[in-house]
file work_30.txt (compact mmCIF, C-alpha atoms)
# COMPACT_ATOMS: atom_id res chain seq x y z
CA MET A 248 0.00 0.00 0.00
CA THR A 249 1.36 3.41 -0.95
CA GLN A 250 2.30 5.50 2.05
CA GLN A 251 1.02 9.08 2.14
CA PRO A 252 0.18 12.06 4.34
CA PHE A 253 -3.20 12.10 6.04
CA THR A 254 -5.34 14.87 7.57
CA LEU A 255 -7.46 14.28 10.66
CA HIS A 256 -9.97 16.99 11.60
CA ILE A 257 -11.03 16.79 15.24
CA ARG A 258 -14.13 18.56 16.49
CA MET A 259 -13.97 18.44 20.27
CA THR A 260 -17.19 20.44 20.64
CA LYS A 261 -19.93 22.07 18.61
CA SER A 262 -20.34 24.77 21.25
CA CYS A 263 -19.33 28.28 20.21
CA ASN A 264 -19.09 31.65 21.91
CA ALA A 265 -20.17 33.51 18.76
CA ASP A 266 -23.20 33.36 16.46
CA CYS A 267 -22.09 34.03 12.88
CA THR A 268 -24.74 33.91 10.17
CA TYR A 269 -22.61 31.87 7.75
CA CYS A 270 -21.49 29.25 10.28
CA SER A 271 -21.59 25.78 8.77
CA SER A 272 -21.44 23.98 12.11
CA TRP A 273 -24.89 24.25 13.67
CA MET A 274 -24.97 23.78 17.46
CA GLU A 275 -27.50 20.98 17.90
CA ASN A 276 -26.35 20.48 21.49
CA THR A 277 -24.12 23.26 22.73
CA SER A 278 -23.44 21.58 26.07
CA SER A 279 -21.87 18.42 24.65
CA ARG A 280 -18.16 17.99 24.10
CA MET A 281 -15.86 15.03 23.76
CA SER A 282 -14.31 13.93 27.04
CA PRO A 283 -10.62 13.01 27.21
CA ALA A 284 -11.59 9.36 27.74
CA ALA A 285 -13.80 9.35 24.64
CA PHE A 286 -11.06 11.15 22.71
CA LYS A 287 -8.49 8.50 23.56
CA THR A 288 -10.85 5.67 22.61
CA SER A 289 -11.62 7.41 19.32
CA ILE A 290 -7.97 8.04 18.47
CA ASP A 291 -6.98 4.43 19.10
CA PHE A 292 -9.81 3.20 16.88
CA ILE A 293 -8.93 5.65 14.11
CA LEU A 294 -5.22 4.84 14.07
CA ASP A 295 -5.55 1.07 14.47
CA GLN A 296 -8.76 0.24 12.60
CA ALA A 297 -10.32 3.10 10.65
CA LEU A 298 -7.22 4.11 8.69
CA PRO A 299 -6.49 0.56 7.44
CA GLN A 300 -10.13 0.19 6.36
CA LEU A 301 -9.84 3.46 4.46
CA GLY A 302 -6.76 2.15 2.68
CA ALA A 303 -4.59 4.82 4.30
CA VAL A 304 -1.08 4.07 5.55
CA PRO A 305 0.15 7.49 6.63
CA THR A 306 3.71 8.23 7.56
CA PHE A 307 2.70 11.82 8.36
CA LEU A 308 -0.49 12.91 10.11
CA SER A 309 -1.79 16.48 10.09
CA ALA A 310 -4.25 16.89 12.98
CA GLN A 311 -6.48 19.97 12.93
CA TYR A 312 -8.61 20.84 15.96
CA ILE A 313 -11.74 22.68 14.88
CA GLY A 314 -15.13 23.72 16.27
CA GLY A 315 -17.58 24.88 17.29
CA GLU A 316 -14.94 26.91 19.09
CA ILE A 317 -11.84 25.26 20.49
CA LEU A 318 -11.44 27.99 23.13
CA THR A 319 -14.63 26.75 24.85
CA VAL A 320 -12.91 23.45 25.69
CA PRO A 321 -11.23 23.60 29.13
CA PHE A 322 -7.54 24.04 28.43
CA ARG A 323 -6.38 21.17 30.63
CA GLU A 324 -8.69 18.78 28.78
CA LEU A 325 -7.47 20.07 25.43
CA GLU A 326 -3.84 19.80 26.52
CA GLU A 327 -4.41 16.21 27.69
CA CYS A 328 -6.00 15.24 24.38
CA VAL A 329 -3.38 16.96 22.25
CA GLY A 330 -0.63 15.23 24.22
CA TYR A 331 -2.30 11.85 23.85
CA LEU A 332 -2.53 12.08 20.05
CA ARG A 333 1.08 13.19 19.79
CA GLU A 334 2.19 10.23 21.90
CA ALA A 335 -0.11 7.81 20.05
CA CYS A 336 1.42 8.77 16.71
CA ALA A 337 4.94 8.53 18.09
CA ARG A 338 4.25 5.00 19.41
CA ARG A 339 3.11 3.95 15.95
CA GLY A 340 6.02 5.54 14.11
CA ILE A 341 3.85 8.22 12.49
CA ASP A 342 5.30 11.71 12.19
CA MET A 343 2.67 14.33 12.92
CA GLN A 344 1.94 18.01 13.24
CA ASP A 345 -1.14 19.57 14.78
CA GLY A 346 -2.88 22.93 14.69
CA ALA A 347 -6.16 24.61 15.59
CA GLN A 348 -8.77 26.90 14.10
CA SER A 349 -10.17 29.52 16.46
CA ASN A 350 -12.37 32.59 16.24
CA LEU A 351 -10.04 34.25 18.81
CA ILE A 352 -13.05 35.34 20.89
CA GLY A 353 -11.19 35.14 24.15
CA THR A 354 -8.70 36.98 26.30
CA PRO A 355 -5.13 37.56 25.07
CA GLU A 356 -4.01 35.08 27.73
CA LYS A 357 -6.29 32.36 26.35
CA VAL A 358 -5.33 32.86 22.71
CA SER A 359 -1.61 33.05 23.46
CA ARG A 360 -1.87 29.81 25.45
CA LEU A 361 -3.55 28.19 22.45
CA TYR A 362 -0.86 29.59 20.14
CA ASP A 363 1.91 28.19 22.32
CA LEU A 364 0.28 24.76 22.63
CA PHE A 365 0.23 24.39 18.85
CA GLU A 366 3.55 26.20 18.28
CA GLY A 367 1.99 28.94 16.21
CA ARG A 368 -0.20 26.71 14.06
CA VAL A 369 -3.41 28.58 14.88
CA GLY A 370 -5.73 29.96 12.22
CA THR A 371 -8.74 32.23 12.52
CA SER A 372 -11.32 33.92 10.30
CA VAL A 373 -11.58 37.52 9.15
CA ASP A 374 -14.37 39.76 7.93
CA ASP A 375 -13.80 43.52 8.04
CA PHE A 376 -16.69 44.48 5.79
CA SER A 377 -19.94 42.84 6.93
CA GLN A 378 -22.13 42.23 9.97
CA ALA A 379 -22.05 38.44 9.63
CA ARG A 380 -19.81 37.67 12.61
CA THR A 381 -21.46 38.46 15.92
CA VAL A 382 -21.23 37.84 19.66
CA LYS A 383 -24.70 37.80 21.19
CA GLY A 384 -25.99 39.41 18.01
CA SER A 385 -23.45 42.25 17.99
CA ALA A 386 -20.90 42.58 15.18
CA ASP A 387 -19.25 45.45 17.10
CA ASN A 388 -18.66 43.21 20.12
CA TYR A 389 -17.17 40.52 17.91
CA ARG A 390 -14.78 42.93 16.21
CA LEU A 391 -13.72 44.50 19.51
CA ILE A 392 -12.85 41.15 21.13
CA TRP A 393 -11.31 39.69 17.98
CA LYS A 394 -9.13 42.70 17.21
CA GLU A 395 -7.75 42.79 20.74
CA ALA A 396 -6.74 39.12 20.55
CA ASP A 397 -5.44 39.40 16.98
CA HIS A 398 -3.45 42.53 17.79
CA TYR A 399 -1.90 40.77 20.79
CA LEU A 400 -0.83 37.78 18.68
CA ARG A 401 0.54 39.98 15.91
CA LYS A 402 2.61 41.94 18.44
CA GLN A 403 3.63 39.19 20.86
CA ARG A 404 3.68 36.13 18.56
CA SER A 405 2.87 36.22 14.82
CA THR A 406 -0.04 37.11 12.56
CA PRO A 407 -2.43 34.14 12.36
CA GLY A 408 -3.61 32.98 8.96
CA ALA A 409 -7.31 33.36 8.31
CA VAL A 410 -10.29 32.10 6.34
CA PHE A 411 -12.55 34.58 4.57
CA VAL A 412 -15.98 33.19 3.72
CA LEU A 413 -17.41 34.07 0.33
CA ASP A 414 -21.04 34.59 1.26
CA GLN A 415 -22.96 37.36 -0.50
CA SER A 416 -21.10 40.18 1.24
CA GLY A 417 -17.85 38.24 1.07
CA LEU A 418 -17.95 38.02 -2.70
CA SER A 419 -18.22 41.79 -3.03
CA ALA A 420 -15.45 42.37 -0.46
CA ALA A 421 -13.00 39.63 -1.50
CA ARG A 422 -10.57 42.00 -3.19
CA GLN A 423 -10.64 44.47 -0.30
CA GLN A 424 -10.16 41.75 2.32
CA THR A 425 -7.22 40.34 0.38
CA GLN A 426 -5.67 43.80 0.18
CA VAL A 427 -6.01 44.11 3.96
CA ALA A 428 -4.38 40.69 4.42
CA ALA A 429 -1.49 41.74 2.18
CA ARG A 430 -0.90 44.87 4.27
CA GLU A 431 -0.98 42.82 7.48
CA GLY A 432 1.20 40.01 6.12
CA ARG A 433 -1.60 37.51 6.79
CA MET A 434 -2.01 34.22 4.95
CA LEU A 435 -5.58 34.10 3.64
CA THR A 436 -7.90 31.35 2.45
CA LEU A 437 -10.94 32.29 0.36
CA ARG A 438 -13.70 29.77 1.03
CA PRO A 439 -16.92 29.65 -1.01
CA LEU A 440 -19.92 29.36 1.30
CA PHE A 441 -21.42 25.88 1.59
CA GLN A 442 -24.57 24.57 3.21
CA GLY A 443 -23.70 23.03 6.54
CA GLY A 444 -25.95 22.42 9.50
CA THR A 445 -27.05 26.02 10.07
CA PRO A 446 -30.51 26.73 8.63
CA GLY A 447 -31.12 29.66 6.29
CA GLN A 448 -27.77 29.90 4.53
CA VAL A 449 -27.99 31.41 1.03
CA LEU A 450 -25.48 29.81 -1.35
CA GLN A 451 -23.95 32.01 -4.02
CA GLY A 452 -24.03 31.25 -7.73
CA ALA A 453 -21.13 29.92 -9.76
CA GLU A 454 -20.87 33.05 -11.92
CA GLN A 455 -20.68 35.45 -8.98
CA THR A 456 -18.12 33.25 -7.26
CA MET A 457 -15.97 32.95 -10.38
CA LYS A 458 -16.02 36.73 -10.92
CA ALA A 459 -14.86 37.43 -7.36
CA LEU A 460 -12.14 34.77 -7.46
CA VAL A 461 -10.78 35.81 -10.86
CA GLU A 462 -10.66 39.51 -9.98
CA THR A 463 -8.94 38.78 -6.66
CA PHE A 464 -6.46 36.42 -8.35
CA ASP A 465 -5.53 39.15 -10.83
CA ASP A 466 -4.76 41.46 -7.91
CA TRP A 467 -2.66 38.79 -6.15
CA PHE A 468 -0.65 37.09 -8.89
CA MET A 469 3.02 38.16 -8.91
CA ARG A 470 2.16 41.19 -6.76
CA TYR A 471 1.09 40.39 -3.20
CA PRO A 472 3.68 39.12 -0.69
CA ILE A 473 1.32 36.62 0.98
CA ILE A 474 -0.05 33.16 0.40
CA VAL A 475 -3.68 33.28 -0.72
CA GLU A 476 -5.50 29.98 -1.14
CA PRO A 477 -6.64 28.36 -3.33
CA PHE A 478 -4.52 30.55 -5.64
CA PHE A 479 -1.16 29.51 -4.20
CA HIS A 480 -1.84 25.77 -4.39
CA LEU A 481 -3.26 25.89 -7.90
CA THR A 482 -0.36 28.01 -9.15
CA ALA A 483 2.23 25.78 -7.48
CA ALA A 484 0.57 22.67 -8.92
CA ARG A 485 0.52 24.15 -12.41
CA VAL A 486 4.16 25.24 -12.11
CA ALA A 487 5.08 21.69 -11.10
CA SER A 488 3.31 20.37 -14.19
CA PHE A 489 5.11 22.80 -16.49
CA ALA A 490 8.41 21.83 -14.88
CA GLY A 491 7.84 18.27 -16.08
CA GLY A 492 7.73 14.88 -14.46
CA GLY A 493 4.91 13.39 -12.42
CA ARG A 494 2.72 15.14 -9.92
CA THR A 495 5.12 16.54 -7.33
CA LEU A 496 2.64 18.26 -5.02
CA PRO A 497 0.32 16.52 -2.57
CA GLY A 498 -3.36 17.12 -3.10
CA ALA A 499 -5.15 19.86 -1.19
CA CYS A 500 -8.66 19.71 0.19
CA ALA A 501 -11.11 20.46 -2.66
CA PHE A 502 -8.47 19.31 -5.16
CA GLN A 503 -8.06 15.60 -4.50
CA ALA A 504 -10.05 12.67 -5.81
CA ASP A 505 -8.87 10.02 -3.33
CA CYS A 506 -10.39 11.67 -0.24
CA THR A 507 -10.90 8.41 1.67
CA GLN A 508 -7.14 7.82 1.70
CA ARG A 509 -6.30 11.40 2.63
CA SER A 510 -8.65 12.72 5.29
CA LEU A 511 -11.10 11.91 8.07
CA SER A 512 -13.19 14.05 10.43
CA LEU A 513 -14.06 13.09 14.02
CA GLU A 514 -17.20 14.54 15.63
CA PRO A 515 -17.83 15.01 19.41
CA ASN A 516 -20.15 11.98 19.47
CA GLY A 517 -17.58 9.81 17.70
CA ASP A 518 -19.11 10.01 14.23
CA LEU A 519 -16.65 9.79 11.36
CA HIS A 520 -16.91 11.54 8.01
CA VAL A 521 -14.42 11.82 5.18
CA CYS A 522 -14.05 15.57 5.74
CA GLN A 523 -15.29 18.33 8.03
CA GLU A 524 -17.62 19.70 5.35
CA MET A 525 -19.31 16.29 5.06
CA ALA A 526 -19.64 16.30 8.84
CA ASP A 527 -21.11 19.82 8.88
CA ALA A 528 -23.70 18.88 6.29
CA GLY A 529 -24.45 15.47 7.83
CA LEU A 530 -23.49 13.64 4.64
CA SER A 531 -21.82 10.25 4.13
CA ARG A 532 -21.18 9.14 7.70
CA VAL A 533 -18.58 6.39 7.31
CA GLY A 534 -18.54 5.14 10.89
CA ASN A 535 -18.35 5.90 14.59
CA ALA A 536 -15.09 5.70 16.53
CA LEU A 537 -16.73 5.23 19.93
CA ALA A 538 -18.92 2.40 18.68
CA GLY A 539 -15.97 0.92 16.82
CA GLU A 540 -17.79 0.65 13.50
CA MET A 541 -17.11 1.49 9.85
CA ASP A 542 -19.49 1.41 6.87
CA ARG A 543 -17.34 -0.58 4.45
CA GLY A 544 -19.84 -0.36 1.62
CA LEU A 545 -19.94 3.43 1.73
CA VAL A 546 -16.17 3.64 2.09
CA GLU A 547 -15.73 1.49 -1.01
CA ALA A 548 -18.18 3.64 -2.97
CA LEU A 549 -16.44 6.87 -1.97
CA ALA A 550 -13.01 5.38 -2.62
CA ALA A 551 -13.99 4.52 -6.20
CA ARG A 552 -14.14 8.21 -7.17
CA PRO A 553 -10.67 8.54 -8.80
CA GLY A 554 -11.55 5.95 -11.43
CA ARG A 555 -15.12 7.13 -11.99
CA LEU A 556 -14.75 10.85 -12.64
CA SER A 557 -16.92 12.19 -15.44
CA ALA A 558 -15.64 12.09 -19.01
CA ASP A 559 -15.45 15.89 -18.97
CA CYS A 560 -13.09 15.73 -16.00
CA GLN A 561 -10.93 12.99 -17.48
CA ASP A 562 -10.52 14.93 -20.73
CA CYS A 563 -9.81 18.27 -19.02
CA PRO A 564 -6.27 19.65 -19.46
CA PHE A 565 -6.21 20.60 -15.78
CA VAL A 566 -7.39 17.31 -14.27
CA LYS A 567 -3.94 16.47 -12.83
CA GLU A 568 -3.98 19.65 -10.76
CA CYS A 569 -7.72 19.81 -9.98
CA GLN A 570 -8.27 16.06 -9.40
CA GLY A 571 -11.96 16.49 -10.21
CA GLY A 572 -12.58 19.14 -7.58
CA CYS A 573 -14.39 18.73 -4.27
CA MET A 574 -16.39 15.52 -3.80
CA PHE A 575 -18.42 17.07 -0.97
CA GLU A 576 -19.52 19.99 -3.15
CA SER A 577 -20.47 17.60 -5.94
CA ILE A 578 -22.60 15.48 -3.61
CA GLN A 579 -24.25 18.45 -1.94
CA GLN A 580 -25.02 20.15 -5.24
CA GLY A 581 -26.74 17.03 -6.56
CA ALA A 582 -24.08 15.75 -8.98
CA GLY A 583 -23.23 12.69 -6.89
CA MET A 584 -19.93 11.46 -5.52
CA TYR A 585 -18.38 11.10 -8.98
CA GLY A 586 -19.63 14.39 -10.43
CA ARG A 587 -18.32 17.96 -10.61
CA SER A 588 -18.81 20.97 -8.39
CA VAL A 589 -20.36 24.09 -9.91
CA HIS A 590 -17.07 25.79 -9.01
CA CYS A 591 -15.37 23.86 -11.83
CA ALA A 592 -15.82 26.99 -13.96
CA SER A 593 -13.87 29.02 -11.39
CA TRP A 594 -10.96 26.58 -11.31
CA LYS A 595 -10.75 26.46 -15.11
CA ALA A 596 -10.77 30.25 -15.30
CA LEU A 597 -7.98 30.43 -12.71
CA PHE A 598 -5.87 27.79 -14.47
CA LYS A 599 -6.12 29.71 -17.73
CA ARG A 600 -4.91 32.85 -15.96
CA ILE A 601 -2.09 30.93 -14.31
CA ASP A 602 -0.96 29.58 -17.68
CA ALA A 603 -1.08 33.06 -19.19
CA GLY A 604 0.90 34.41 -16.24
CA ILE A 605 3.57 31.73 -16.59
CA GLN A 606 3.85 32.53 -20.27
CA ALA A 607 4.13 36.27 -19.62
CA HIS A 608 6.59 36.16 -16.68
CA GLY A 609 8.42 32.91 -17.33
CA LEU A 610 8.29 29.69 -15.36
CA GLU A 611 11.36 30.39 -13.23
CA GLU A 612 10.17 33.87 -12.24
CA VAL A 613 6.79 32.54 -11.11
CA LYS A 614 8.46 29.69 -9.24
CA SER A 615 10.81 32.15 -7.54
CA TRP A 616 7.91 34.39 -6.47
CA LEU A 617 6.05 31.43 -4.96
CA HIS A 618 9.19 30.44 -3.09
CA ARG A 619 9.69 33.94 -1.72
CA ILE A 620 6.20 34.28 -0.27
CA GLU A 621 6.29 30.75 1.16
CA THR A 622 9.66 31.44 2.79
CA ARG A 623 8.38 34.74 4.16
CA HIS A 624 5.41 32.95 5.71
CA HIS A 625 7.65 30.29 7.26
CA ASN A 626 10.09 32.85 8.69
CA HIS A 627 7.20 34.83 10.14
CA LYS A 628 6.08 31.76 12.09
CA LEU A 629 9.64 31.12 13.33
CA ASP A 630 9.80 34.69 14.58
CA GLY A 631 6.53 34.13 16.46
CA LEU A 632 7.90 31.00 18.13
CA PHE A 633 11.00 32.91 19.16
CA LYS A 634 8.83 35.57 20.78
CA ALA A 635 6.86 32.84 22.55
CA SER A 636 10.05 31.32 23.93
CA LEU A 637 11.12 34.69 25.28
CA ALA A 638 7.73 35.17 26.93
CA SER A 639 7.95 31.81 28.70
CA ALA A 640 11.56 32.26 29.79
call {"tool": "encode", "arguments": {"input": "work_30.txt", "output": "structure tokens"}}
result
Amino acid sequence: MTQQPFTLHIRMTKSCNADCTYCSSWMENTSSRMSPAAFKTSIDFILDQALPQLGAVPTFLSAQYIGGEILTVPFRELEECVGYLREACARRGIDMQDGAQSNLIGTPEKVSRLYDLFEGRVGTSVDDFSQARTVKGSADNYRLIWKEADHYLRKQRSTPGAVFVLDQSGLSAARQQTQVAAREGRMLTLRPLFQGGTPGQVLQGAEQTMKALVETFDDWFMRYPIIVEPFFHLTAARVASFAGGGRTLPGACAFQADCTQRSLSLEPNGDLHVCQEMADAGLSRVGNALAGEMDRGLVEALAARPGRLSADCQDCPFVKECQGGCMFESIQQGAGMYGRSVHCASWKALFKRIDAGIQAHGLEEVKSWLHRIETRHHNHKLDGLFKASLASA
């Protein structure tokens, strides 16, 4: 079996201290969270039984703690769980790295403690232009708390990367938010809105999404000194293809066909889904770690996707980089597990711009620019860890 990296998303709780309108993770039971004992049982099942049934033999595990809001989990419980997974991987000879996603709605002390636990691998979300993110219904309260925590991290540690959701207001503000991120030196991920568990979400059309992504890409390409996803990954993948040889980059979420061998998401009640978006939407539950069960039939059906992509995908000049797009989006949008997301048009438009950019600037110049902004991002994190070490001395 081919060895490969694997991503494990871990949702310790669905409780949150904010109430954003575009949240995909609806709080069905805000009081429930996974206990350390349940966490340990779940991790042992995943590493020893679930991964082999998925056909995954990882030598490197990326563990991402998500929410709900991770700051609502008592820190000692979180620390115990994080330590257990690190030790469990070490015992099995699996290299690993972990991180967390937080809304930063907490005191500077809390967020710095989270930062230090994960050695700077903490992401957040940003939205400077709408009223979507609120605490007890107040966008002003959210911004006040968030900015205090973010400012503290930027001054005392490093600037956390962030997700910007492309809901209706997000589409119109994508260029502005990316400009702000460039000024702040913040890695940014642009994420099209999807229908999760929260009722009343209004999905945006493919044309509007493509327009926002293309215009923002044109601003970013060969100009901004920050990583912006999915632009960076798609450009790097295309550069690798132009450089010759086989596929040299690992797949990224939304751009991998073999999801069952690359990712898994653990819910507070032990439910397992192939990815966190599937979990949010309640789609394709493949098992439960606490019950010690896996749905082998569903796993086999999902795993068949690489060989059953549509003819349009297989004939596409960008299929090596795109890998058929996001399986979750295809299922949710009604095209089935082997179909295409409506965002296919956006990815094709971006690839065409990438190709034109490589032709205009030259392959080596584009490669050098990607390397510079990646190195800058890495050095920024090292500087943050150095500041953290000084603070704890």
call {"tool": "residues_around", "arguments": {"input": "work_30.txt", "residues": "Ser557 (chain A)", "least_positions_apart": "4", "cutoff": "8 Å", "atoms": "only C-alpha atoms", "output": "PyMOL selection string"}}
result
chain A and resi 561+585-587
call {"tool": "residues_around", "arguments": {"input": "work_30.txt", "residues": "region 513-518 of chain A", "least_positions_apart": "6", "cutoff": "12 Å", "atoms": "only C-alpha atoms", "output": "PyMOL selection string"}}
result
chain A and resi 254-262+272+274-293+297+310-315+317+320+524-527+529-542
call {"tool": "closest_residue", "arguments": {"input": "work_30.txt", "among": "A:Asn350, A:Cys500, A:Gln508, A:Gly544", "to": "Pro305 (chain A)", "atoms": "only C-alpha atoms"}}
result
A:Gln508
call {"tool": "closest_residue", "arguments": {"input": "work_30.txt", "among": "A:Ala347, A:Cys569, A:Leu511, A:Cys506", "to": "Phe365 (chain A)", "atoms": "all atoms listed in the file"}}
result
A:Ala347
call {"tool": "residues_around", "arguments": {"input": "work_30.txt", "residues": "Thr371 (chain A)", "least_positions_apart": "6", "cutoff": "7 Å", "atoms": "all atoms listed in the file", "output": "count of residues only"}}
result
8
call {"tool": "residues_around", "arguments": {"input": "work_30.txt", "residues": "region 301-304 of chain A", "least_positions_apart": "6", "cutoff": "12 Å", "atoms": "only C-alpha atoms", "output": "compact mmCIF listing (two decimals) with C-alpha atoms, in the frame of the given file"}}
result
# COMPACT_ATOMS: atom_id res chain seq x y z
CA MET A 248 0.00 0.00 0.00
CA THR A 249 1.36 3.41 -0.95
CA GLN A 250 2.30 5.50 2.05
CA GLN A 251 1.02 9.08 2.14
CA PRO A 252 0.18 12.06 4.34
CA PHE A 253 -3.20 12.10 6.04
CA THR A 254 -5.34 14.87 7.57
CA LEU A 255 -7.46 14.28 10.66
CA ILE A 293 -8.93 5.65 14.11
CA LEU A 294 -5.22 4.84 14.07
CA ASP A 295 -5.55 1.07 14.47
CA ARG A 339 3.11 3.95 15.95
CA GLY A 340 6.02 5.54 14.11
CA ILE A 341 3.85 8.22 12.49
CA ASP A 342 5.30 11.71 12.19
CA ASP A 505 -8.87 10.02 -3.33
CA CYS A 506 -10.39 11.67 -0.24
CA THR A 507 -10.90 8.41 1.67
CA GLN A 508 -7.14 7.82 1.70
CA ARG A 509 -6.30 11.40 2.63
CA SER A 510 -8.65 12.72 5.29
CA LEU A 511 -11.10 11.91 8.07
CA LEU A 519 -16.65 9.79 11.36
CA HIS A 520 -16.91 11.54 8.01
CA VAL A 521 -14.42 11.82 5.18
CA VAL A 533 -18.58 6.39 7.31
CA GLY A 534 -18.54 5.14 10.89
CA MET A 541 -17.11 1.49 9.85
CA ASP A 542 -19.49 1.41 6.87
CA ARG A 543 -17.34 -0.58 4.45
CA GLY A 544 -19.84 -0.36 1.62
CA LEU A 545 -19.94 3.43 1.73
CA VAL A 546 -16.17 3.64 2.09
CA GLU A 547 -15.73 1.49 -1.01
CA ALA A 548 -18.18 3.64 -2.97
CA LEU A 549 -16.44 6.87 -1.97
CA ALA A 550 -13.01 5.38 -2.62
CA ALA A 551 -13.99 4.52 -6.20
call {"tool": "atom_distance", "arguments": {"input": "work_30.txt", "atom1": "CA of Ala428 (chain A)", "atom2": "CA of Lys383 (chain A)"}}
result
26.5 Å
call {"tool": "closest_residue", "arguments": {"input": "work_30.txt", "among": "A:Phe478, A:Phe468, A:Phe322, A:Phe502", "to": "Val358 (chain A)", "atoms": "all atoms listed in the file"}}
result
A:Phe322
call {"tool": "closest_residue", "arguments": {"input": "work_30.txt", "among": "A:Lys402, A:Lys599, A:His625, A:His608", "to": "Glu431 (chain A)", "atoms": "all atoms listed in the file"}}
result
A:Lys402
call {"tool": "residues_around", "arguments": {"input": "work_30.txt", "residues": "region 619-621 of chain A", "least_positions_apart": "2", "cutoff": "6 Å", "atoms": "all atoms listed in the file", "output": "compact mmCIF listing (two decimals) with C-alpha atoms, in the coordinates of the input"}}
result
# COMPACT_ATOMS: atom_id res chain seq x y z
CA PRO A 472 3.68 39.12 -0.69
CA ILE A 473 1.32 36.62 0.98
CA TRP A 616 7.91 34.39 -6.47
CA LEU A 617 6.05 31.43 -4.96
CA ARG A 623 8.38 34.74 4.16
CA HIS A 624 5.41 32.95 5.71
call {"tool": "build_atoms", "arguments": {"input": "work_30.txt", "residues": "region 546-560 of chain A", "atoms": "N, CA and C atoms", "output": "JSON list (two decimals), in the frame of the given file"}}
result
[["chain", "number", "residue", "atom", "x", "y", "z"],
["A", 546, "VAL", "N", -17.58, 3.34, 2.29],
["A", 546, "VAL", "CA", -16.17, 3.64, 2.09],
["A", 546, "VAL", "C", -15.72, 3.19, 0.71],
["A", 547, "GLU", "N", -16.11, 1.99, 0.31],
["A", 547, "GLU", "CA", -15.73, 1.49, -1.01],
["A", 547, "GLU", "C", -16.31, 2.35, -2.12],
["A", 548, "ALA", "N", -17.55, 2.80, -1.96],
["A", 548, "ALA", "CA", -18.18, 3.64, -2.97],
["A", 548, "ALA", "C", -17.47, 4.99, -3.09],
["A", 549, "LEU", "N", -17.14, 5.59, -1.95],
["A", 549, "LEU", "CA", -16.44, 6.87, -1.97],
["A", 549, "LEU", "C", -15.03, 6.71, -2.53],
["A", 550, "ALA", "N", -14.38, 5.61, -2.18],
["A", 550, "ALA", "CA", -13.01, 5.38, -2.62],
["A", 550, "ALA", "C", -12.90, 5.14, -4.12],
["A", 551, "ALA", "N", -14.01, 4.80, -4.76],
["A", 551, "ALA", "CA", -13.99, 4.52, -6.20],
["A", 551, "ALA", "C", -13.94, 5.79, -7.05],
["A", 552, "ARG", "N", -14.04, 6.96, -6.42],
["A", 552, "ARG", "CA", -14.14, 8.21, -7.17],
["A", 552, "ARG", "C", -13.01, 8.45, -8.17],
["A", 553, "PRO", "N", -11.73, 8.23, -7.83],
["A", 553, "PRO", "CA", -10.67, 8.54, -8.80],
["A", 553, "PRO", "C", -10.86, 7.87, -10.16],
["A", 554, "GLY", "N", -11.38, 6.65, -10.17],
["A", 554, "GLY", "CA", -11.55, 5.95, -11.43],
["A", 554, "GLY", "C", -12.90, 6.16, -12.09],
["A", 555, "ARG", "N", -13.77, 6.96, -11.46],
["A", 555, "ARG", "CA", -15.12, 7.13, -11.99],
["A", 555, "ARG", "C", -15.49, 8.60, -12.19],
["A", 556, "LEU", "N", -14.48, 9.46, -12.33],
["A", 556, "LEU", "CA", -14.75, 10.85, -12.64],
["A", 556, "LEU", "C", -15.44, 10.96, -13.99],
["A", 557, "SER", "N", -16.20, 12.01, -14.18],
["A", 557, "SER", "CA", -16.92, 12.19, -15.44],
["A", 557, "SER", "C", -15.96, 12.28, -16.61],
["A", 558, "ALA", "N", -16.47, 12.01, -17.80],
["A", 558, "ALA", "CA", -15.64, 12.09, -19.01],
["A", 558, "ALA", "C", -15.10, 13.50, -19.20],
["A", 559, "ASP", "N", -15.91, 14.50, -18.85],
["A", 559, "ASP", "CA", -15.45, 15.89, -18.97],
["A", 559, "ASP", "C", -14.22, 16.13, -18.10],
["A", 560, "CYS", "N", -14.24, 15.58, -16.89],
["A", 560, "CYS", "CA", -13.09, 15.73, -16.00],
["A", 560, "CYS", "C", -11.86, 15.00, -16.56]]
